[in-house]
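Engineer: Structure file target.pdb, PDB, C-alpha atoms and all ligand atoms, is pasted below:
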ATOM      1  CA  MET A   1      78.304 112.566 104.535
ATOM      2  CA  LYS A   2      81.706 112.664 102.817
ATOM      3  CA  ARG A   3      82.263 110.246  99.972
ATOM      4  CA  ILE A   4      85.513 108.305  99.592
ATOM      5  CA  VAL A   5      86.934 105.747  97.181
ATOM      6  CA  ILE A   6      89.217 103.053  98.595
ATOM      7  CA  LYS A   7      91.438 101.227  96.109
ATOM      8  CA  VAL A   8      93.211  98.054  97.092
ATOM      9  CA  GLY A   9      96.052  96.503  95.077
ATOM     10  CA  SER A  10      96.709  92.878  94.109
ATOM     11  CA  SER A  11      99.729  92.707  96.391
ATOM     12  CA  VAL A  12      97.526  93.308  99.440
ATOM     13  CA  LEU A  13      94.829  90.843  98.412
ATOM     14  CA  THR A  14      96.939  87.879  97.379
ATOM     15  CA  GLU A  15      99.623  85.799  99.018
ATOM     16  CA  THR A  16     101.727  83.709  96.591
ATOM     17  CA  THR A  17      98.904  81.825  94.830
ATOM     18  CA  ASN A  18      96.106  82.341  97.347
ATOM     19  CA  ILE A  19      93.749  85.096  98.420
ATOM     20  CA  ALA A  20      95.217  86.693 101.550
ATOM     21  CA  GLU A  21      92.116  85.968 103.647
ATOM     22  CA  GLU A  22      93.302  87.582 106.856
ATOM     23  CA  ARG A  23      94.332  90.851 105.177
ATOM     24  CA  MET A  24      91.077  90.903 103.246
ATOM     25  CA  LEU A  25      89.130  90.434 106.460
ATOM     26  CA  HIS A  26      90.962  93.339 108.111
ATOM     27  CA  LEU A  27      90.124  95.492 105.111
ATOM     28  CA  VAL A  28      86.475  94.427 105.170
ATOM     29  CA  SER A  29      86.265  95.206 108.877
ATOM     30  CA  LEU A  30      87.778  98.679 108.344
ATOM     31  CA  ILE A  31      85.391  99.417 105.476
ATOM     32  CA  ALA A  32      82.418  98.315 107.601
ATOM     33  CA  GLU A  33      83.606 100.786 110.263
ATOM     34  CA  ALA A  34      84.333 103.573 107.773
ATOM     35  CA  ARG A  35      80.823 103.264 106.339
ATOM     36  CA  LYS A  36      79.457 104.761 109.567
ATOM     37  CA  LYS A  37      81.287 107.987 108.731
ATOM     38  CA  TYR A  38      81.614 107.991 104.930
ATOM     39  CA  GLU A  39      79.904 106.818 101.782
ATOM     40  CA  VAL A  40      82.417 104.230 100.586
ATOM     41  CA  ILE A  41      83.149 102.939  97.085
ATOM     42  CA  LEU A  42      85.691 100.107  96.867
ATOM     43  CA  VAL A  43      87.887  99.614  93.793
ATOM     44  CA  SER A  44      89.446  96.193  94.011
ATOM     45  CA  SER A  45      92.210  94.618  91.948
ATOM     46  CA  GLY A  46      93.083  90.967  92.273
ATOM     47  CA  ALA A  47      90.874  89.180  89.711
ATOM     48  CA  VAL A  48      93.781  87.783  87.666
ATOM     49  CA  ALA A  49      95.646  86.741  90.798
ATOM     50  CA  ALA A  50      92.486  85.105  92.166
ATOM     51  CA  GLY A  51      92.089  83.269  88.839
ATOM     52  CA  TYR A  52      95.461  81.699  89.482
ATOM     53  CA  THR A  53      94.154  80.034  92.617
ATOM     54  CA  ALA A  54      91.939  77.908  90.332
ATOM     55  CA  VAL A  55      93.763  77.494  87.007
ATOM     56  CA  ASN A  56      97.377  77.794  85.991
ATOM     57  CA  LEU A  57      97.326  79.685  82.681
ATOM     58  CA  ASN A  58     100.070  81.782  81.161
ATOM     59  CA  ARG A  59      99.084  85.360  81.967
ATOM     60  CA  SER A  60     101.550  86.811  79.458
ATOM     61  CA  ILE A  61      99.191  85.591  76.687
ATOM     62  CA  PRO A  62      96.489  88.309  76.520
ATOM     63  CA  THR A  63      93.557  85.919  75.996
ATOM     64  CA  SER A  64      94.723  83.667  78.828
ATOM     65  CA  LYS A  65      94.944  86.717  81.063
ATOM     66  CA  LYS A  66      91.324  87.529  80.232
ATOM     67  CA  VAL A  67      90.331  83.953  81.036
ATOM     68  CA  LEU A  68      92.182  84.232  84.350
ATOM     69  CA  ALA A  69      90.330  87.475  85.103
ATOM     70  CA  SER A  70      86.980  85.886  84.238
ATOM     71  CA  VAL A  71      87.718  82.885  86.485
ATOM     72  CA  GLY A  72      89.089  85.074  89.261
ATOM     73  CA  GLN A  73      86.433  87.800  89.394
ATOM     74  CA  PRO A  74      83.716  85.526  90.915
ATOM     75  CA  ILE A  75      86.288  83.976  93.277
ATOM     76  CA  LEU A  76      87.251  87.444  94.479
ATOM     77  CA  MET A  77      83.644  88.558  94.820
ATOM     78  CA  SER A  78      82.585  85.443  96.700
ATOM     79  CA  SER A  79      85.406  86.052  99.208
ATOM     80  CA  TYR A  80      84.192  89.633  99.630
ATOM     81  CA  LYS A  81      80.581  88.488  99.920
ATOM     82  CA  ASN A  82      81.379  85.944 102.662
ATOM     83  CA  MET A  83      83.316  88.532 104.634
ATOM     84  CA  PHE A  84      80.921  91.457 104.200
ATOM     85  CA  ASP A  85      78.053  89.144 105.249
ATOM     86  CA  ILE A  86      79.645  89.040 108.716
ATOM     87  CA  TYR A  87      79.058  92.814 108.951
ATOM     88  CA  GLU A  88      75.670  92.657 107.196
ATOM     89  CA  VAL A  89      76.940  94.830 104.365
ATOM     90  CA  THR A  90      75.319  94.236 100.961
ATOM     91  CA  ILE A  91      77.771  94.474  98.099
ATOM     92  CA  SER A  92      77.423  95.010  94.353
ATOM     93  CA  GLN A  93      79.839  94.325  91.518
ATOM     94  CA  ILE A  94      80.449  97.055  88.940
ATOM     95  CA  LEU A  95      82.775  96.306  86.028
ATOM     96  CA  LEU A  96      83.947  99.311  84.032
ATOM     97  CA  THR A  97      85.837 100.158  80.883
ATOM     98  CA  GLU A  98      87.249 103.513  79.775
ATOM     99  CA  GLU A  99      84.151 103.913  77.607
ATOM    100  CA  ASP A 100      82.086 104.386  80.744
ATOM    101  CA  PHE A 101      83.815 107.764  81.073
ATOM    102  CA  ASP A 102      84.108 108.717  77.396
ATOM    103  CA  SER A 103      81.045 110.908  77.118
ATOM    104  CA  ARG A 104      78.840 112.952  79.367
ATOM    105  CA  VAL A 105      75.975 110.524  78.791
ATOM    106  CA  HIS A 106      78.031 107.499  79.844
ATOM    107  CA  THR A 107      79.533 109.291  82.816
ATOM    108  CA  ARG A 108      76.067 110.379  83.943
ATOM    109  CA  ILE A 109      74.797 106.787  83.775
ATOM    110  CA  PHE A 110      77.722 105.637  85.897
ATOM    111  CA  GLN A 111      77.200 108.462  88.405
ATOM    112  CA  ASP A 112      73.494 107.618  88.693
ATOM    113  CA  ILE A 113      74.202 103.941  89.319
ATOM    114  CA  ILE A 114      76.720 104.754  92.050
ATOM    115  CA  ASP A 115      74.423 107.356  93.645
ATOM    116  CA  ARG A 116      71.500 104.944  93.694
ATOM    117  CA  THR A 117      73.681 102.088  95.010
ATOM    118  CA  LEU A 118      74.987 104.210  97.874
ATOM    119  CA  LYS A 119      71.539 105.600  98.612
ATOM    120  CA  HIS A 120      70.400 102.050  99.287
ATOM    121  CA  ASP A 121      73.327 101.522 101.611
ATOM    122  CA  ILE A 122      74.997  99.025  99.261
ATOM    123  CA  LEU A 123      78.783  98.903  98.930
ATOM    124  CA  PRO A 124      79.784  99.125  95.244
ATOM    125  CA  ILE A 125      82.891  97.082  94.420
ATOM    126  CA  VAL A 126      84.374  98.348  91.165
ATOM    127  CA  ASN A 127      86.957  96.726  88.917
ATOM    128  CA  GLU A 128      88.079  97.168  85.341
ATOM    129  CA  ASN A 129      86.244  94.847  82.978
ATOM    130  CA  ASP A 130      89.357  93.084  81.683
ATOM    131  CA  ILE A 131      87.252  90.691  79.663
ATOM    132  CA  SER A 132      85.596  93.012  77.170
ATOM    133  CA  THR A 133      88.295  95.653  76.789
ATOM    134  CA  THR A 134      90.865  95.862  73.993
ATOM    135  CA  PRO A 135      94.485  96.737  74.893
ATOM    136  CA  ASP A 136      94.167 100.386  73.839
ATOM    137  CA  GLN A 137      90.947 100.816  75.826
ATOM    138  CA  LEU A 138      92.374  99.429  79.038
ATOM    139  CA  PHE A 139      93.158 101.818  81.827
ATOM    140  CA  GLY A 140      95.545  98.940  82.517
ATOM    141  CA  ASP A 141      95.770  99.730  86.169
ATOM    142  CA  ASN A 142      93.236 100.336  88.865
ATOM    143  CA  ASP A 143      95.127 103.338  90.253
ATOM    144  CA  GLN A 144      94.054 105.592  87.383
ATOM    145  CA  LEU A 145      90.668 103.908  87.099
ATOM    146  CA  SER A 146      90.011 104.646  90.780
ATOM    147  CA  ALA A 147      91.025 108.297  90.305
ATOM    148  CA  HIS A 148      88.427 108.579  87.519
ATOM    149  CA  VAL A 149      85.845 106.851  89.684
ATOM    150  CA  ALA A 150      86.613 109.274  92.529
ATOM    151  CA  TYR A 151      86.320 112.366  90.362
ATOM    152  CA  HIS A 152      83.220 111.312  88.431
ATOM    153  CA  THR A 153      81.304 110.239  91.516
ATOM    154  CA  GLY A 154      82.113 113.469  93.347
ATOM    155  CA  ALA A 155      84.216 111.725  96.008
ATOM    156  CA  ASP A 156      86.274 113.960  98.282
ATOM    157  CA  MET A 157      89.205 111.621  98.478
ATOM    158  CA  LEU A 158      90.830 108.511  97.039
ATOM    159  CA  ILE A 159      92.626 106.180  99.445
ATOM    160  CA  ILE A 160      95.158 103.856  97.777
ATOM    161  CA  LEU A 161      96.176 100.842  99.842
ATOM    162  CA  SER A 162      99.453  99.355  98.678
ATOM    163  CA  ASP A 163     102.409  97.378 100.010
ATOM    164  CA  ILE A 164     104.295 100.487 101.135
ATOM    165  CA  ASP A 165     103.718 103.105 103.856
ATOM    166  CA  GLY A 166     103.503 105.986 101.396
ATOM    167  CA  TYR A 167     105.449 107.855  98.738
ATOM    168  CA  TYR A 168     109.182 108.030  99.414
ATOM    169  CA  ASP A 169     111.864 110.341  98.047
ATOM    170  CA  SER A 170     113.284 107.216  96.333
ATOM    171  CA  ASN A 171     112.205 103.565  95.973
ATOM    172  CA  PRO A 172     112.372 102.132  99.503
ATOM    173  CA  LYS A 173     112.911  98.639  98.073
ATOM    174  CA  ASP A 174     116.256  99.813  96.623
ATOM    175  CA  ASN A 175     117.207 102.500  99.104
ATOM    176  CA  PRO A 176     116.877 101.656 102.826
ATOM    177  CA  LYS A 177     117.499 105.329 103.673
ATOM    178  CA  ALA A 178     114.517 106.550 101.615
ATOM    179  CA  GLN A 179     112.379 109.071 103.487
ATOM    180  CA  ILE A 180     108.601 109.051 103.382
ATOM    181  CA  ARG A 181     106.929 112.267 102.203
ATOM    182  CA  LYS A 182     103.969 113.219 104.361
ATOM    183  CA  PHE A 183     102.513 115.807 101.996
ATOM    184  CA  VAL A 184     102.863 116.158  98.245
ATOM    185  CA  THR A 185     101.349 119.164  96.516
ATOM    186  CA  GLU A 186     103.210 119.016  93.231
ATOM    187  CA  ILE A 187     104.406 116.121  91.083
ATOM    188  CA  LYS A 188     107.267 116.752  88.685
ATOM    189  CA  GLU A 189     107.468 115.552  85.077
ATOM    190  CA  GLU A 190     110.478 113.334  85.827
ATOM    191  CA  GLU A 191     108.596 111.598  88.648
ATOM    192  CA  LEU A 192     105.775 110.768  86.235
ATOM    193  CA  ASN A 193     108.204 109.533  83.587
ATOM    194  CA  GLN A 194     110.280 107.206  85.742
ATOM    195  CA  ASN A 195     110.357 103.453  85.076
ATOM    196  CA  HIS A 196     107.375 101.396  86.167
ATOM    197  CA  THR A 197     108.206  99.459  89.317
ATOM    198  CA  PRO A 198     105.405  97.084  90.275
ATOM    199  CA  ASN A 199     106.484  95.079  93.259
ATOM    200  CA  SER A 200     104.574  91.817  93.025
ATOM    201  CA  LYS A 201     104.108  89.748  89.889
ATOM    202  CA  PHE A 202     100.390  90.597  89.751
ATOM    203  CA  ALA A 203     100.847  94.300  90.389
ATOM    204  CA  THR A 204     100.679  96.330  87.198
ATOM    205  CA  GLY A 205     101.311  99.906  88.093
ATOM    206  CA  GLY A 206     104.113 100.491  90.540
ATOM    207  CA  ILE A 207     104.492 103.993  91.895
ATOM    208  CA  VAL A 208     104.089 105.776  88.529
ATOM    209  CA  THR A 209     100.410 104.949  88.059
ATOM    210  CA  LYS A 210      99.769 106.081  91.633
ATOM    211  CA  LEU A 211     101.484 109.391  90.896
ATOM    212  CA  LYS A 212      99.450 109.779  87.701
ATOM    213  CA  ALA A 213      96.280 109.138  89.692
ATOM    214  CA  ALA A 214      97.388 111.737  92.259
ATOM    215  CA  GLN A 215      98.237 114.265  89.543
ATOM    216  CA  TYR A 216      94.819 113.835  87.938
ATOM    217  CA  LEU A 217      93.086 114.423  91.269
ATOM    218  CA  ILE A 218      95.237 117.363  92.389
ATOM    219  CA  GLU A 219      94.432 119.097  89.070
ATOM    220  CA  LYS A 220      90.765 118.575  89.849
ATOM    221  CA  GLU A 221      91.127 119.817  93.425
ATOM    222  CA  ARG A 222      90.643 116.444  95.043
ATOM    223  CA  GLU A 223      92.939 114.611  97.441
ATOM    224  CA  MET A 224      94.597 111.211  97.487
ATOM    225  CA  PHE A 225      96.045 109.344 100.447
ATOM    226  CA  LEU A 226      98.585 106.576  99.801
ATOM    227  CA  CYS A 227      99.202 104.181 102.656
ATOM    228  CA  ASN A 228      99.845 100.617 103.726
ATOM    229  CA  GLY A 229      97.221  97.958 103.063
ATOM    230  CA  TYR A 230      99.055  95.205 104.962
ATOM    231  CA  ASP A 231      98.838  97.015 108.248
ATOM    232  CA  LEU A 232      95.770  99.232 108.268
ATOM    233  CA  THR A 233      96.688 101.170 111.419
ATOM    234  CA  CYS A 234      97.548 104.395 109.591
ATOM    235  CA  THR A 235      94.452 104.188 107.401
ATOM    236  CA  ARG A 236      92.242 103.642 110.439
ATOM    237  CA  GLU A 237      93.873 106.574 112.263
ATOM    238  CA  PHE A 238      93.464 108.774 109.217
ATOM    239  CA  LEU A 239      89.894 107.856 108.304
ATOM    240  CA  ILE A 240      88.301 107.133 111.656
ATOM    241  CA  ASP A 241      90.309 109.237 114.138
ATOM    242  CA  GLY A 242      91.254 112.051 111.729
ATOM    243  CA  VAL A 243      94.950 111.719 112.615
ATOM    244  CA  HIS A 244      97.630 111.695 109.934
ATOM    245  CA  ASN A 245     100.650 109.806 111.273
ATOM    246  CA  LYS A 246     102.006 107.736 108.406
ATOM    247  CA  GLY A 247     100.943 107.714 104.766
ATOM    248  CA  THR A 248     101.299 110.359 102.063
ATOM    249  CA  LEU A 249      98.604 112.940 101.465
ATOM    250  CA  PHE A 250      98.585 114.289  97.899
ATOM    251  CA  THR A 251      96.725 117.543  98.108
ATOM    252  CA  TYR A 252      95.964 120.777  96.312
ATOM    253  CA  LYS A 253      95.341 122.657  99.569
ATOM    254  CA  GLN A 254      97.475 125.730 100.163
ATOM    255  CA  GLU A 255      97.999 125.251 103.904
ATOM    256  CA  LYS A 256      99.493 121.816 103.213
ATOM    257  CA  LYS A 257     101.994 123.443 100.831
ATOM    258  CA  GLU A 258     103.341 125.405 103.795
ATOM    259  CA  GLN A 259     103.489 122.205 105.815
ATOM    260  CA  GLU A 260     105.375 120.447 103.006
ATOM    261  CA  LYS A 261     107.944 123.285 102.925
ATOM    262  CA  LYS A 262     108.443 123.056 106.711
ATOM    263  CA  ASP A 263     108.901 119.241 106.479
ATOM    264  CA  LYS A 264     111.639 119.716 103.893
ATOM    265  CA  LYS A 265     113.671 122.092 106.118
TER     266      LYS A 265
HETATM  267  P1  LIG A 301      99.963  97.615  94.207
HETATM  268  O1  LIG A 301      99.792  96.190  93.776
HETATM  269  O2  LIG A 301      99.566  97.848  95.637
HETATM  270  O3  LIG A 301      99.313  98.596  93.282
HETATM  271  P2  LIG A 301     102.686  98.135  93.158
HETATM  272  O4  LIG A 301     103.665  97.031  93.363
HETATM  273  O5  LIG A 301     102.091  98.344  91.810
HETATM  274  O6  LIG A 301     101.557  97.948  94.275
HETATM  275  O7  LIG A 301     103.351  99.568  93.589
HETATM  276  C1  LIG A 301     104.009  99.777  94.822
HETATM  277  C2  LIG A 301     105.539  99.627  94.661
HETATM  278  O8  LIG A 301     106.101 100.804  94.045
HETATM  279  C3  LIG A 301     106.287  99.543  95.974
HETATM  280  O9  LIG A 301     106.311  98.259  96.527
HETATM  281  C4  LIG A 301     107.717 100.010  95.608
HETATM  282  O10 LIG A 301     108.563  98.900  95.306
HETATM  283  C5  LIG A 301     107.531 100.784  94.308
HETATM  284  N1  LIG A 301     108.097 102.133  94.372
HETATM  285  C6  LIG A 301     108.959 102.664  93.457
HETATM  286  N2  LIG A 301     109.343 103.930  93.792
HETATM  287  C7  LIG A 301     108.715 104.232  94.956
HETATM  288  C8  LIG A 301     108.679 105.399  95.806
HETATM  289  N3  LIG A 301     109.382 106.519  95.515
HETATM  290  N4  LIG A 301     107.909 105.365  96.923
HETATM  291  C9  LIG A 301     107.177 104.272  97.203
HETATM  292  N5  LIG A 301     107.146 103.126  96.437
HETATM  293  C10 LIG A 301     107.919 103.091  95.333
END
Re-express the file's structure as structure tokens.
Structural biologist:
Amino acid sequence: MKRIVIKVGSSVLTETTNIAEERMLHLVSLIAEARKKYEVILVSSGAVAAGYTAVNLNRSIPTSKKVLASVGQPILMSSYKNMFDIYEVTISQILLTEEDFDSRVHTRIFQDIIDRTLKHDILPIVNENDISTTPDQLFGDNDQLSAHVAYHTGADMLIILSDIDGYYDSNPKDNPKAQIRKFVTEIKEEELNQNHTPNSKFATGGIVTKLKAAQYLIEKEREMFLCNGYDLTCTREFLIDGVHNKGTLFTYKQEKKEQEKKDKK
């Protein structure tokens, strides 16, 4: 069975100051379906935003942000638990820091935990442990964390669910004529060095951290699919039906390079 990592961003999971219950339920239903075909690991953002639903602290103060994350993490997990119960899926919570990948021993421990979790048909839900990390240890965004999780657990692909349909030739929020790119096989230096453009106030990465995640995986001969988490149609088509309509596939595969060239003509 193929193994995949699905990463969902804060923008998808939260609506102003609430958890976006309906979107979360759609996601949970898709994951329950995908589990019949794949081993699934979920990387979920949204702890700080969920914390806001309970307490109004100033998240620009680092310690307050940690408190928000610590309040929000159980809120987020209890929402997941209630929804996955409907599909009789057992979930686990795994909180990581960069140190979990800093040596072969640590990486091995993490791999073993994930392997054993999946073997027992449990869905691991991974997030960065915002509480115990120092600023220089933080991945800071779950895009790059999920790329590390994908690589170190031997996953074939990372799916990133965001608030956009894919990667465009320019920011679609500024340029209505921006064109979506179906395949990307190479990411240029200037694309990686552009300004960070997170869209919602809880989003941290913007497109740059997604490109960095894609770059990391392409170098390691893995793939990444970026698509819309608000409307899961394209993700369902891609994962369940094997049809790639919308969404951007970042890939190292040679035949897709040819496809990318044809698309550009
Ligand atoms: P998430 O919370 O899902 O991680 P982010 O807000 O961090 O989402 O990142 C997605 C945002 O990146 C989009 O809403 C869009 O405004 C911005 N963006 C900037 N440049 C591009 C681009 N070339 N293609 C797609 N999105 C872009």
Engineer: Show me, as JSON, the centre and edge lengths in Å to one decimal of the axis-aligned box that covers every listed atom of ligand LIG 301 (chain A) with 6 Å on each side.
Structural biologist:
{"center_x": 104.3, "center_y": 101.4, "center_z": 94.5, "size_x": 22.1, "size_y": 22.3, "size_z": 17.4}
Engineer: Which one of A:Arg108, A:Lys212, A:Arg116, A:Lys173 sits closest to ligand LIG 301 (chain A) if you count all atoms listed in the file?
Structural biologist: A:Lys173
Engineer: Any residue with an atom at most 10 Å from ligand LIG 301 (chain A) counts, using all atoms listed in the file. Which are they? Put them as a PyMOL selection string.
Structural biologist: chain A and resi 7-14+45-46+141-143+160-175+178-181+191+194-211+226-230+248
Engineer: I'd like the contact shell of Ile125 (chain A) - 10 Å cut-off, only C-alpha atoms, skipping same-chain residues fewer than 5 positions apart - returned as a list of chain:residue names.
Structural biologist: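 After dropping sequence-adjacent residues, the list is A:Val5, A:Ile6, A:Lys7, A:Val40, A:Ile41, A:Leu42, A:Val43, A:Ser44, A:Ser45, A:Met77, A:Tyr80, A:Ile91, A:Ser92, A:Gln93, A:Ile94, A:Leu95.
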Engineer: Enter the distance from CA of Val243 (chain A) to CA of Phe84 (chain A), in Å, rounded to one decimal.
Structural biologist: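 About the pair CA of Val243 (chain A) and CA of Phe84 (chain A): they are 26.0 Å apart.
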Engineer: Out of A:Glu190, A:Phe250, A:Glu33, A:Asn18, which residue has the shortest atom-to-atom distance to Glu88 (chain A) when counting all atoms listed in the file?
Structural biologist: A:Glu33
Engineer: Could you jot down the CA of Thr63 (chain A) to CA of Ile131 (chain A) separation for me, Å, one decimal place?
Structural biologist: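 CA of Ile131 (chain A) lies 8.7 Å from CA of Thr63 (chain A).
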Engineer: Quick one: of A:Gly154, A:Pro74, A:Pro124, A:Pro62, who's nearest to Arg3 (chain A), counting all atoms listed in the file?
Structural biologist: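 Closest to Arg3 (chain A), using all atoms listed in the file: A:Gly154.
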